[in-house]
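Student: Quick one: this structure, given as structure tokens, is what I'll be asking you about.
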Amino acid sequence: MDDLFAPSDVSWTPVSPKLAAVRRLNAAITFGLLGLVALVVLGITLGWVWGFLALAVFAAGFAWSWMLIGRNQRSWKYAEREDELLVSHGILFRELVVVPYGRMQFVDVTAGPLERSFGIATVELHTATPATDAKIPGLHPDEASRLRDRLSALGQAQAWGL
């Protein structure tokens, strides 16, 4: 029931669990800084009780995001088929993107500072229609390079037939 619209004959490849670690660290930095700013600003202006209350709200938000980040990371997966790439993700709203190899214009591999320190990268496929663009985060750099090279070769081979 998880993959209601996905083909049953597909062998899915999950993304790295390191993706959750990167996103959790990013959330910790964001919630931590915002919580400290709220603590100081509200503490000075309205009183320290309000500041600590705001800090508690940010801590609860961080705890909630910690759980959702893990579930979201487990939902990301992709599959390579003969004529297309399938990318699926989402918890509440599942999304399945099917990108025909012949429609791809170029493939990006990116990795920010946190991603590089955790040893993961993101592959992004671009097509003429932005609605069919796809992104696969949380790949090992070797897998991202392999996927980029394979998708570029398949895209070029299939585009020649147009």
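Ordering of the structure tokens sets the chain letters (A, B, ...), residue numbers begin anew at 1 in every chain, and ligands are numbered from 1 in the order given.
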Quick check for you: according to DSSP on this backbone, which residues of chain A are classed as alpha helix (DSSP H)? Reply as a ChimeraX atom specification.

Tutor: /A:18-45,48-75,113-118,141-159

Student: For the selection you just gave me, I'd like the residues written to a file as a JSON list (two decimals), in the first residue's frame, keeping C-alpha atoms.

Tutor:
```json
[["chain", "number", "residue", "atom", "x", "y", "z"],
["A", 18, "LYS", "CA", 23.38, 9.55, 6.24],
["A", 19, "LEU", "CA", 20.80, 11.82, 4.61],
["A", 20, "ALA", "CA", 18.81, 11.79, 7.86],
["A", 21, "ALA", "CA", 21.94, 12.66, 9.85],
["A", 22, "VAL", "CA", 22.70, 15.65, 7.61],
["A", 23, "ARG", "CA", 19.13, 16.93, 7.78],
["A", 24, "ARG", "CA", 18.97, 16.41, 11.57],
["A", 25, "LEU", "CA", 22.21, 18.35, 12.05],
["A", 26, "ASN", "CA", 20.83, 21.12, 9.85],
["A", 27, "ALA", "CA", 17.60, 21.15, 11.90],
["A", 28, "ALA", "CA", 19.57, 21.21, 15.17],
["A", 29, "ILE", "CA", 21.55, 24.23, 14.01],
["A", 30, "THR", "CA", 18.42, 26.04, 12.78],
["A", 31, "PHE", "CA", 16.20, 25.28, 15.79],
["A", 32, "GLY", "CA", 19.09, 25.91, 18.19],
["A", 33, "LEU", "CA", 19.92, 29.34, 16.81],
["A", 34, "LEU", "CA", 16.27, 30.40, 16.55],
["A", 35, "GLY", "CA", 15.59, 29.11, 20.06],
["A", 36, "LEU", "CA", 18.52, 31.03, 21.54],
["A", 37, "VAL", "CA", 17.51, 34.22, 19.72],
["A", 38, "ALA", "CA", 13.92, 33.82, 20.98],
["A", 39, "LEU", "CA", 15.21, 33.16, 24.51],
["A", 40, "VAL", "CA", 17.33, 36.29, 24.59],
["A", 41, "VAL", "CA", 14.88, 38.62, 22.82],
["A", 42, "LEU", "CA", 11.82, 37.51, 24.77],
["A", 43, "GLY", "CA", 13.82, 37.23, 27.98],
["A", 44, "ILE", "CA", 15.00, 40.81, 27.73],
["A", 45, "THR", "CA", 11.71, 42.33, 26.50],
["A", 48, "TRP", "CA", 12.75, 35.22, 31.14],
["A", 49, "VAL", "CA", 9.73, 32.99, 31.71],
["A", 50, "TRP", "CA", 8.51, 33.83, 28.19],
["A", 51, "GLY", "CA", 12.00, 33.33, 26.82],
["A", 52, "PHE", "CA", 12.28, 29.84, 28.32],
["A", 53, "LEU", "CA", 8.76, 29.04, 27.14],
["A", 54, "ALA", "CA", 9.77, 29.97, 23.59],
["A", 55, "LEU", "CA", 12.90, 27.83, 23.95],
["A", 56, "ALA", "CA", 10.72, 24.89, 25.02],
["A", 57, "VAL", "CA", 8.50, 25.39, 21.96],
["A", 58, "PHE", "CA", 11.56, 25.32, 19.69],
["A", 59, "ALA", "CA", 12.82, 22.19, 21.47],
["A", 60, "ALA", "CA", 9.46, 20.49, 20.88],
["A", 61, "GLY", "CA", 9.58, 21.52, 17.23],
["A", 62, "PHE", "CA", 13.05, 20.05, 16.92],
["A", 63, "ALA", "CA", 11.94, 16.77, 18.51],
["A", 64, "TRP", "CA", 9.03, 16.55, 16.06],
["A", 65, "SER", "CA", 11.28, 17.31, 13.08],
["A", 66, "TRP", "CA", 13.80, 14.69, 14.29],
["A", 67, "MET", "CA", 11.16, 12.00, 13.93],
["A", 68, "LEU", "CA", 9.84, 13.27, 10.58],
["A", 69, "ILE", "CA", 13.32, 13.55, 9.09],
["A", 70, "GLY", "CA", 13.97, 9.85, 9.76],
["A", 71, "ARG", "CA", 10.68, 8.83, 8.17],
["A", 72, "ASN", "CA", 11.28, 11.11, 5.19],
["A", 73, "GLN", "CA", 14.76, 9.69, 4.59],
["A", 74, "ARG", "CA", 13.37, 6.16, 4.54],
["A", 75, "SER", "CA", 10.78, 7.18, 1.94],
["A", 113, "PRO", "CA", 29.56, 21.37, 3.07],
["A", 114, "LEU", "CA", 27.47, 19.20, 5.40],
["A", 115, "GLU", "CA", 26.81, 16.63, 2.69],
["A", 116, "ARG", "CA", 30.51, 16.44, 1.83],
["A", 117, "SER", "CA", 31.46, 15.96, 5.47],
["A", 118, "PHE", "CA", 29.00, 13.06, 5.73],
["A", 141, "PRO", "CA", 29.53, 10.09, -4.22],
["A", 142, "ASP", "CA", 30.63, 7.05, -6.24],
["A", 143, "GLU", "CA", 27.00, 6.03, -6.83],
["A", 144, "ALA", "CA", 26.11, 9.63, -7.71],
["A", 145, "SER", "CA", 28.92, 9.75, -10.29],
["A", 146, "ARG", "CA", 27.94, 6.36, -11.72],
["A", 147, "LEU", "CA", 24.29, 7.41, -11.94],
["A", 148, "ARG", "CA", 25.21, 10.75, -13.55],
["A", 149, "ASP", "CA", 27.36, 9.05, -16.20],
["A", 150, "ARG", "CA", 24.78, 6.34, -16.91],
["A", 151, "LEU", "CA", 21.86, 8.77, -17.11],
["A", 152, "SER", "CA", 23.81, 11.16, -19.34],
["A", 153, "ALA", "CA", 24.77, 8.34, -21.70],
["A", 154, "LEU", "CA", 21.23, 6.94, -21.82],
["A", 155, "GLY", "CA", 19.73, 10.40, -22.25],
["A", 156, "GLN", "CA", 22.05, 11.20, -25.12],
["A", 157, "ALA", "CA", 21.49, 7.83, -26.81],
["A", 158, "GLN", "CA", 17.70, 8.11, -26.57],
["A", 159, "ALA", "CA", 17.60, 11.79, -27.56]]
```

Student: For Glu80 (chain A), list every protein, DNA or RNA residue within 9 Å, evaluated using only C-alpha atoms, and leave out those in the same chain fewer than 4 positions away; present the list as a count of residues only.

Tutor: 8

Student: Which neighbours of Lys135 (chain A) fall inside 12 Å, counting only C-alpha atoms, when residues of the same chain fewer than 6 positions from it are skipped, and could you give them as a PyMOL selection string?

Tutor: chain A and resi 15+76-78+85-89+95-99+107-110+121-127+144+147-148

Student: Could you tell me, as an MDAnalysis selection string, which residues of region 12-143 of chain A DSSP assigns to strand (DSSP E or B) when given the backbone?

Tutor: chainID A and resid 13:14 77:80 84:89 95:100 104:110 121:127 134:139

Student: Any idea what the distance is between CA of His140 (chain A) and CA of Ala128 (chain A)?

Tutor: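 Going from CA of His140 (chain A) over to CA of Ala128 (chain A) covers 27.0 Å.
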
Student: Find the distance between CA of Phe93 (chain A) and CA of Ser8 (chain A) and write it in Å to one decimal.

Tutor: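 Taking CA of Phe93 (chain A) as the start and CA of Ser8 (chain A) as the end point, the length is 19.4 Å.
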